[in-house]
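Trainee: Contents are compact mmCIF, C-alpha atoms; file name query33.txt:
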```txt
# COMPACT_ATOMS: atom_id res chain seq x y z
CA MET L 1 -67.74 -71.50 36.50
CA PRO L 2 -64.90 -69.58 38.23
CA GLU L 3 -65.67 -65.90 38.66
CA ALA L 4 -62.56 -65.00 36.63
CA LEU L 5 -64.13 -66.58 33.54
CA ASP L 6 -67.36 -64.56 33.82
CA MET L 7 -67.05 -62.03 31.02
CA GLY L 8 -70.43 -60.43 31.77
CA LYS L 9 -71.89 -58.46 28.85
CA HIS L 10 -68.73 -59.08 26.78
CA ALA L 11 -69.00 -62.90 26.97
CA LEU L 12 -69.97 -63.31 23.29
CA TYR L 13 -67.06 -61.16 22.09
CA VAL L 14 -64.37 -62.58 24.39
CA TRP L 15 -65.37 -66.23 23.90
CA GLY L 16 -66.03 -65.66 20.20
CA SER L 17 -62.41 -64.47 19.86
CA PHE L 18 -60.73 -67.06 22.09
CA GLY L 19 -63.01 -69.82 20.72
CA ALA L 20 -62.20 -69.15 17.06
CA THR L 21 -58.48 -68.88 17.86
CA ALA L 22 -58.55 -72.17 19.80
CA LEU L 23 -60.52 -73.89 17.03
CA PHE L 24 -57.99 -72.92 14.34
CA MET L 25 -54.91 -73.58 16.49
CA ILE L 26 -56.16 -77.06 17.41
CA ALA L 27 -57.43 -77.93 13.91
CA GLU L 28 -54.23 -76.91 12.06
CA PRO L 29 -51.85 -79.39 13.78
CA LEU L 30 -54.47 -82.16 13.39
CA LEU L 31 -54.84 -81.44 9.67
CA LEU L 32 -51.04 -81.46 9.35
CA ARG L 33 -50.91 -84.96 10.85
CA VAL L 34 -53.48 -86.13 8.30
CA ARG L 35 -51.42 -84.54 5.50
CA ALA L 36 -48.17 -86.21 6.63
CA LYS L 37 -49.86 -89.61 6.84
CA ALA L 38 -51.45 -89.18 3.39
CA ALA L 39 -48.09 -88.18 1.86
CA LYS L 40 -46.34 -91.22 3.34
CA LYS L 41 -49.17 -93.54 2.26
CA ARG L 42 -49.02 -92.21 -1.29
CA ILE L 43 -45.27 -92.75 -1.54
CA ALA L 44 -45.57 -96.29 -0.16
CA ARG L 45 -48.34 -97.05 -2.68
CA MET L 46 -46.25 -95.68 -5.55
CA ALA L 47 -43.32 -97.86 -4.45
CA ARG L 48 -45.57 -100.95 -4.40
CA LEU L 49 -46.92 -100.13 -7.88
CA GLU L 50 -43.36 -99.69 -9.19
CA GLN L 51 -42.38 -103.05 -7.74
CA GLU L 52 -45.41 -104.73 -9.32
CA THR L 53 -44.70 -103.27 -12.75
CA ASP L 54 -41.02 -104.29 -12.49
CA GLN L 55 -41.98 -107.90 -11.86
CA MET W 1 -11.07 -71.21 11.36
CA SER W 2 -13.28 -72.61 8.65
CA SER W 3 -13.85 -75.82 10.63
CA ARG W 4 -15.54 -73.78 13.36
CA LEU W 5 -18.08 -72.32 10.98
CA ILE W 6 -21.29 -74.23 10.53
CA ASN W 7 -21.92 -75.16 6.95
CA TRP W 8 -25.42 -73.72 6.61
CA PHE W 9 -25.73 -74.93 3.06
CA LYS W 10 -25.66 -78.48 4.41
CA PHE W 11 -29.07 -77.84 5.98
CA SER W 12 -30.46 -76.41 2.76
CA SER W 13 -30.68 -79.96 1.47
CA PRO W 14 -34.21 -81.29 2.09
CA ALA W 15 -32.78 -84.72 2.99
CA THR W 16 -30.67 -83.24 5.80
CA PHE W 17 -33.36 -80.85 6.96
CA TYR W 18 -36.17 -83.44 7.13
CA PRO W 19 -34.98 -85.15 10.37
CA LEU W 20 -33.81 -81.82 11.84
CA ALA W 21 -37.29 -80.32 11.25
CA ARG W 22 -38.78 -83.10 13.38
CA LYS W 23 -36.50 -82.27 16.30
CA ILE W 24 -37.10 -78.51 16.05
CA GLY W 25 -40.85 -79.17 15.73
CA LEU W 26 -40.94 -81.30 18.89
CA VAL W 27 -39.13 -78.69 21.00
CA ALA W 28 -41.32 -75.89 19.57
CA THR W 29 -44.51 -77.87 20.33
CA ILE W 30 -43.53 -78.33 23.98
CA VAL W 31 -42.57 -74.65 24.32
CA ALA W 32 -45.83 -73.57 22.63
CA VAL W 33 -48.06 -75.70 24.86
CA VAL W 34 -46.34 -74.52 28.06
CA LEU W 35 -46.28 -70.81 27.10
CA ILE W 36 -49.87 -70.74 25.81
CA ALA W 37 -51.09 -72.52 28.98
CA ILE W 38 -49.31 -69.94 31.17
CA GLY W 39 -50.48 -67.11 28.87
CA LEU W 40 -54.12 -68.24 29.02
CA TYR W 41 -53.98 -68.56 32.81
CA MET W 42 -52.55 -65.05 33.08
CA SER W 43 -55.08 -63.68 30.55
CA PHE W 44 -58.04 -64.68 32.70
CA PHE W 45 -56.84 -65.20 36.27
CA VAL W 46 -53.94 -62.74 36.74
CA ALA W 47 -54.56 -59.74 34.46
CA PRO W 48 -56.99 -57.29 36.10
CA THR W 49 -60.24 -56.03 34.59
CA ASP W 50 -59.66 -52.90 32.50
CA TYR W 51 -61.06 -49.73 34.07
CA LYS W 52 -62.39 -48.51 30.73
CA GLN W 53 -63.16 -51.56 28.60
CA GLY W 54 -64.18 -54.01 31.36
CA GLU W 55 -63.67 -57.69 30.50
CA GLY W 56 -63.87 -57.07 26.73
CA TYR W 57 -60.26 -55.91 26.54
CA ARG W 58 -59.08 -59.50 27.20
CA ILE W 59 -59.44 -60.06 23.45
CA ILE W 60 -56.07 -58.26 23.28
CA PHE W 61 -54.37 -61.46 24.50
CA VAL W 62 -55.19 -63.23 21.23
CA HIS W 63 -55.69 -60.25 18.91
CA VAL W 64 -52.25 -58.66 19.30
CA PRO W 65 -50.23 -61.92 19.16
CA ALA W 66 -52.21 -63.07 16.08
CA SER W 67 -51.70 -59.69 14.36
CA TRP W 68 -47.98 -59.59 15.13
CA MET W 69 -47.51 -63.17 13.92
CA SER W 70 -49.41 -62.45 10.69
CA MET W 71 -46.95 -59.64 9.87
CA PHE W 72 -43.85 -61.40 11.20
CA ILE W 73 -44.52 -64.65 9.29
CA TYR W 74 -44.94 -62.66 6.07
CA VAL W 75 -41.54 -60.98 6.57
CA VAL W 76 -39.92 -64.35 7.33
CA MET W 77 -41.51 -65.79 4.15
CA ALA W 78 -40.18 -62.86 2.13
CA CYS W 79 -36.68 -63.50 3.55
CA TRP W 80 -36.91 -67.17 2.53
CA ALA W 81 -38.13 -66.08 -0.89
CA ALA W 82 -35.15 -63.73 -1.29
CA LEU W 83 -32.73 -66.46 -0.17
CA GLY W 84 -34.33 -68.85 -2.64
CA LEU W 85 -33.97 -66.39 -5.50
CA VAL W 86 -30.34 -65.55 -4.66
CA PHE W 87 -28.97 -69.00 -3.81
CA ASN W 88 -31.47 -71.09 -5.77
CA THR W 89 -31.97 -73.40 -2.78
CA ARG W 90 -35.07 -75.58 -2.92
CA LEU W 91 -35.55 -75.63 0.83
CA SER W 92 -36.01 -71.82 0.99
CA ALA W 93 -39.08 -72.00 -1.23
CA MET W 94 -40.34 -74.99 0.73
CA MET W 95 -40.05 -72.99 3.97
CA ALA W 96 -42.02 -70.10 2.49
CA GLN W 97 -44.62 -72.59 1.27
CA ALA W 98 -44.80 -74.20 4.74
CA LEU W 99 -45.30 -70.89 6.55
CA ALA W 100 -48.02 -69.44 4.30
CA PRO W 101 -51.15 -71.23 5.64
CA THR W 102 -50.19 -70.45 9.26
CA GLY W 103 -49.61 -66.80 8.34
CA ALA W 104 -52.93 -66.65 6.53
CA MET W 105 -54.63 -68.20 9.55
CA PHE W 106 -53.18 -65.53 11.86
CA ALA W 107 -54.16 -62.74 9.44
CA PHE W 108 -57.72 -64.11 9.43
CA LEU W 109 -57.73 -64.47 13.24
CA SER W 110 -56.41 -60.93 13.58
CA LEU W 111 -59.38 -59.64 11.55
CA TRP W 112 -61.85 -61.96 13.28
CA THR W 113 -60.79 -61.08 16.83
CA GLY W 114 -60.50 -57.41 15.83
CA SER W 115 -64.07 -57.54 14.60
CA PHE W 116 -65.24 -59.15 17.85
CA TRP W 117 -63.42 -56.41 19.74
CA GLY W 118 -64.66 -53.60 17.53
CA LYS W 119 -68.32 -54.44 17.95
CA PRO W 120 -68.59 -53.85 21.74
CA MET W 121 -66.04 -50.97 21.80
CA TRP W 122 -66.76 -49.02 18.58
CA GLY W 123 -70.26 -50.35 17.90
CA THR W 124 -69.35 -51.85 14.53
CA TRP W 125 -68.01 -55.22 13.30
CA TRP W 126 -66.12 -53.65 10.40
CA VAL W 127 -64.81 -50.31 9.23
CA TRP W 128 -62.65 -49.47 6.18
CA ASP W 129 -59.95 -47.99 8.36
CA ALA W 130 -56.28 -47.93 7.24
CA ARG W 131 -55.07 -50.49 9.79
CA ILE W 132 -57.90 -52.95 9.16
CA THR W 133 -57.88 -52.57 5.37
CA SER W 134 -54.10 -53.07 5.15
CA GLU W 135 -54.42 -56.21 7.34
CA LEU W 136 -57.13 -57.46 4.95
CA ILE W 137 -54.71 -56.86 2.06
CA LEU W 138 -52.15 -58.95 3.96
CA LEU W 139 -54.66 -61.81 4.12
CA PHE W 140 -55.23 -61.46 0.35
CA LEU W 141 -51.45 -61.48 -0.23
CA TYR W 142 -51.20 -64.78 1.64
CA LEU W 143 -54.11 -66.26 -0.32
CA GLY W 144 -52.72 -64.87 -3.60
CA TYR W 145 -49.30 -66.38 -2.87
CA MET W 146 -50.82 -69.79 -2.16
CA ALA W 147 -53.07 -69.63 -5.23
CA LEU W 148 -50.19 -68.58 -7.50
CA ARG W 149 -47.92 -71.32 -6.15
CA SER W 150 -50.47 -74.06 -6.67
CA SER W 151 -51.53 -72.81 -10.12
CA ILE W 152 -48.06 -73.34 -11.65
CA ASP W 153 -47.38 -76.99 -12.44
CA ASP W 154 -43.60 -76.77 -12.50
CA PRO W 155 -42.68 -76.39 -8.80
CA ARG W 156 -39.40 -74.53 -9.48
CA ARG W 157 -41.17 -71.98 -11.68
CA GLY W 158 -43.91 -71.71 -9.06
CA ASP W 159 -41.23 -71.04 -6.43
CA ARG W 160 -39.74 -68.17 -8.42
CA ALA W 161 -43.00 -66.53 -9.44
CA SER W 162 -44.45 -66.70 -5.93
CA ALA W 163 -41.15 -65.48 -4.41
CA ILE W 164 -41.44 -62.30 -6.48
CA LEU W 165 -45.05 -61.81 -5.34
CA LEU W 166 -43.90 -62.20 -1.71
CA LEU W 167 -41.13 -59.65 -2.15
CA VAL W 168 -43.40 -57.10 -3.80
CA GLY W 169 -46.07 -57.59 -1.12
CA VAL W 170 -43.65 -57.02 1.76
CA VAL W 171 -44.16 -53.26 1.28
CA ASN W 172 -47.58 -53.75 2.90
CA VAL W 173 -46.09 -54.77 6.27
CA PRO W 174 -44.70 -51.34 7.28
CA ILE W 175 -47.94 -49.83 5.96
CA ILE W 176 -49.91 -51.97 8.45
CA TYR W 177 -47.49 -51.20 11.25
CA TYR W 178 -47.41 -47.42 10.77
CA SER W 179 -51.01 -47.04 9.54
CA VAL W 180 -52.20 -45.87 12.95
CA LYS W 181 -49.57 -43.10 12.87
CA TRP W 182 -49.82 -42.06 9.22
CA TRP W 183 -53.60 -41.89 9.03
CA ASN W 184 -56.28 -40.81 11.41
CA THR W 185 -57.74 -44.22 12.14
CA LEU W 186 -60.52 -45.57 14.33
CA HIS W 187 -58.09 -48.31 15.34
CA GLN W 188 -56.17 -47.29 18.45
CA GLY W 189 -52.45 -46.51 18.36
CA SER W 190 -49.81 -49.09 19.20
CA THR W 191 -49.95 -50.34 22.78
CA ILE W 192 -46.29 -51.28 22.66
CA LYS W 193 -43.96 -48.74 21.13
CA LEU W 194 -40.41 -49.43 20.12
CA ASN W 195 -38.98 -46.28 21.69
CA GLU W 196 -41.35 -45.49 24.54
CA ALA W 197 -42.55 -47.11 27.75
CA SER W 198 -45.73 -49.16 27.43
CA SER W 199 -49.06 -47.66 28.48
CA MET W 200 -50.25 -51.01 29.84
CA ASP W 201 -50.48 -52.60 33.29
CA ASP W 202 -47.47 -54.89 33.93
CA THR W 203 -49.42 -58.16 34.25
CA MET W 204 -51.44 -57.35 31.10
CA LEU W 205 -48.22 -56.71 29.21
CA GLN W 206 -46.59 -59.89 30.52
CA ALA W 207 -49.63 -62.01 29.58
CA MET W 208 -49.61 -60.53 26.08
CA LEU W 209 -45.89 -61.12 25.58
CA ILE W 210 -46.10 -64.71 26.87
CA MET W 211 -49.01 -65.41 24.50
CA THR W 212 -46.98 -63.87 21.65
CA LEU W 213 -43.99 -66.11 22.40
CA GLY W 214 -46.39 -69.08 22.61
CA PHE W 215 -47.87 -68.21 19.19
CA TRP W 216 -44.34 -67.84 17.88
CA ALA W 217 -43.38 -71.34 19.06
CA TYR W 218 -46.67 -72.65 17.65
CA SER W 219 -45.81 -71.15 14.25
CA ILE W 220 -42.39 -72.80 14.29
CA ALA W 221 -43.97 -76.15 15.24
CA THR W 222 -46.60 -76.03 12.47
CA ALA W 223 -44.09 -74.77 9.88
CA MET W 224 -41.73 -77.65 10.71
CA SER W 225 -44.55 -80.16 10.51
CA ARG W 226 -45.79 -78.74 7.20
CA VAL W 227 -42.33 -78.45 5.65
CA ARG W 228 -41.82 -82.18 6.31
CA SER W 229 -44.97 -82.97 4.31
CA VAL W 230 -43.94 -80.51 1.58
CA ILE W 231 -40.52 -82.19 1.37
CA LEU W 232 -42.13 -85.64 1.09
CA GLU W 233 -44.59 -84.46 -1.55
CA ARG W 234 -41.99 -82.67 -3.66
CA GLU W 235 -39.14 -85.17 -3.25
CA ARG W 236 -41.33 -88.25 -3.56
CA THR W 237 -39.34 -89.60 -6.52
CA SER W 238 -35.95 -89.22 -4.83
CA THR W 239 -34.14 -92.29 -3.52
CA TRP W 240 -33.80 -91.13 0.10
CA VAL W 241 -37.56 -90.56 0.44
CA LYS W 242 -38.38 -93.94 -1.08
CA GLN W 243 -35.85 -95.68 1.17
CA MET W 244 -37.06 -93.93 4.30
CA ILE W 245 -40.74 -94.76 3.61
CA ALA W 246 -39.83 -98.36 2.72
CA GLU W 247 -38.07 -98.69 6.08
CA GLU W 248 -41.07 -97.25 7.93
CA HIS W 249 -43.61 -99.57 6.29
```
Represent the structure from my file as structure tokens, please.

Mentor:
Amino acid sequence: MPEALDMGKHALYVWGSFGATALFMIAEPLLLRVRAKAAKKRIARMARLEQETDQ
Amino acid sequence: MSSRLINWFKFSSPATFYPLARKIGLVATIVAVVLIAIGLYMSFFVAPTDYKQGEGYRIIFVHVPASWMSMFIYVVMACWAALGLVFNTRLSAMMAQALAPTGAMFAFLSLWTGSFWGKPMWGTWWVWDARITSELILLFLYLGYMALRSSIDDPRRGDRASAILLLVGVVNVPIIYYSVKWWNTLHQGSTIKLNEASSMDDTMLQAMLIMTLGFWAYSIATAMSRVRSVILERERTSTWVKQMIAEEH
């Protein structure tokens, strides 16, 4: 580990802060991708259902 | 003269804004990744160890940007809410809706990182101090806004009711900002003051400002991504959405 990343006695607090921030800021965009895909899938399914009922 | 003015109302149509949001989101993502990478490098490798707080002070590089963003996003949401109430534009409410979870996340992170900073420096994870309590109220305002929005079935009524909540709650933002001045708090005073020179080392200040700009770009990127989903969900019965999805599949 580079010396610059050695937080000594404050390691828990520094990494606990940066870790939680990283976790949220990586998870949020991933969850947003899932949401966009789900929304598109739902609309496509509704369109298919509408077509089937029209026929 | 009028031909030189941009017709802003054109962009208030979800159909026009949907593709534009993608472009803005892409640029914001690139800017966010670059700035946060530089900011993180500076936070650990460039900024010196603090003479008083040792390495623990480095929490400032996420704590301050997260706290600023939590307040700033709320003010931006309140502006969208006001625009929505005045002009009755659907997109304004959608923008407020798209910003809320990111704002709530930053309010939570502000409290979380503050707690992790408070423990080694003050010896306690939590204290009912004016700054911290008003930030907690901000988190509750975000959660209350989201709960109110989702509890009203008619989206347009939900937009109006939640817009009023946002506007009433905005009074809390100056309270958070000035709390360290108005009350005798355990929380330290502002590091950056609007009308005075900063009390911080230059590289520390630069790292903090770069991280803040990175968080700012991140917020724009996530808001643009979320508003696209909100538009799809709310406009799912409109012809342009159906056509666009049909073309994609």

Trainee: I'd like the contact shell of W:His63 - 12 Å cut-off, all atoms listed in the file, skipping same-chain residues fewer than 5 positions apart - returned as number ranges by chain.

Mentor: L: 13-14, 16-18, 20-21; W: 56-58, 68-70, 106-118, 208-209, 211-212, 215

Trainee: Given a cut-off of 8 Å, which residues of chain L touch chain W, counting only C-alpha atoms, written out as a ChimeraX atom specification?

Mentor: /L:4-5,7-8,10-11,13-14,16-18,20-21,24,28-29,32-33,35-36,39-40,43-44,47

Trainee: To one decimal in Å, tell me the separation between atom CA of W:Ala104 and atom CA of W:Tyr142.

Mentor: 5.5 Å

Trainee: Write out as a ChimeraX atom specification the residues lying within 12 Å of W:Val75, counting only C-alpha atoms and excluding same-chain residues fewer than 6 positions away.

Mentor: /W:68-69,81-82,96,99-100,103,138,142,163,166-174

Trainee: In Å, rounded to a single decimal, give me how far atom CA of W:Met71 is from atom CA of W:Tyr177.

Mentor: 8.6 Å

Trainee: For a test of reading the model, state the distance in Å between atom CA of W:Asp201 and atom CA of W:Met42, rounded to one decimal.

Mentor: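 Here the two named atoms are 12.6 Å from each other.
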
Trainee: Which residue is closest to W:Ile38? Choose from W:Thr16, W:Gly84, W:Ile164, W:Gln206 and count all atoms listed in the file.

Mentor: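 For W:Ile38, the nearest of the given residues is W:Gln206.
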
Trainee: Find the spatial neighbours of W:Gly189, counting all atoms listed in the file, within a cut-off of 9 Å - ignore same-chain residues fewer than 5 positions away - and output them as a ChimeraX atom specification.

Mentor: /W:179-181

Trainee: Considering all atoms listed in the file, can you say which of W:Leu165, W:Trp240, W:Ala217, W:Met204 comes closest to W:Ile30?

Mentor: W:Ala217
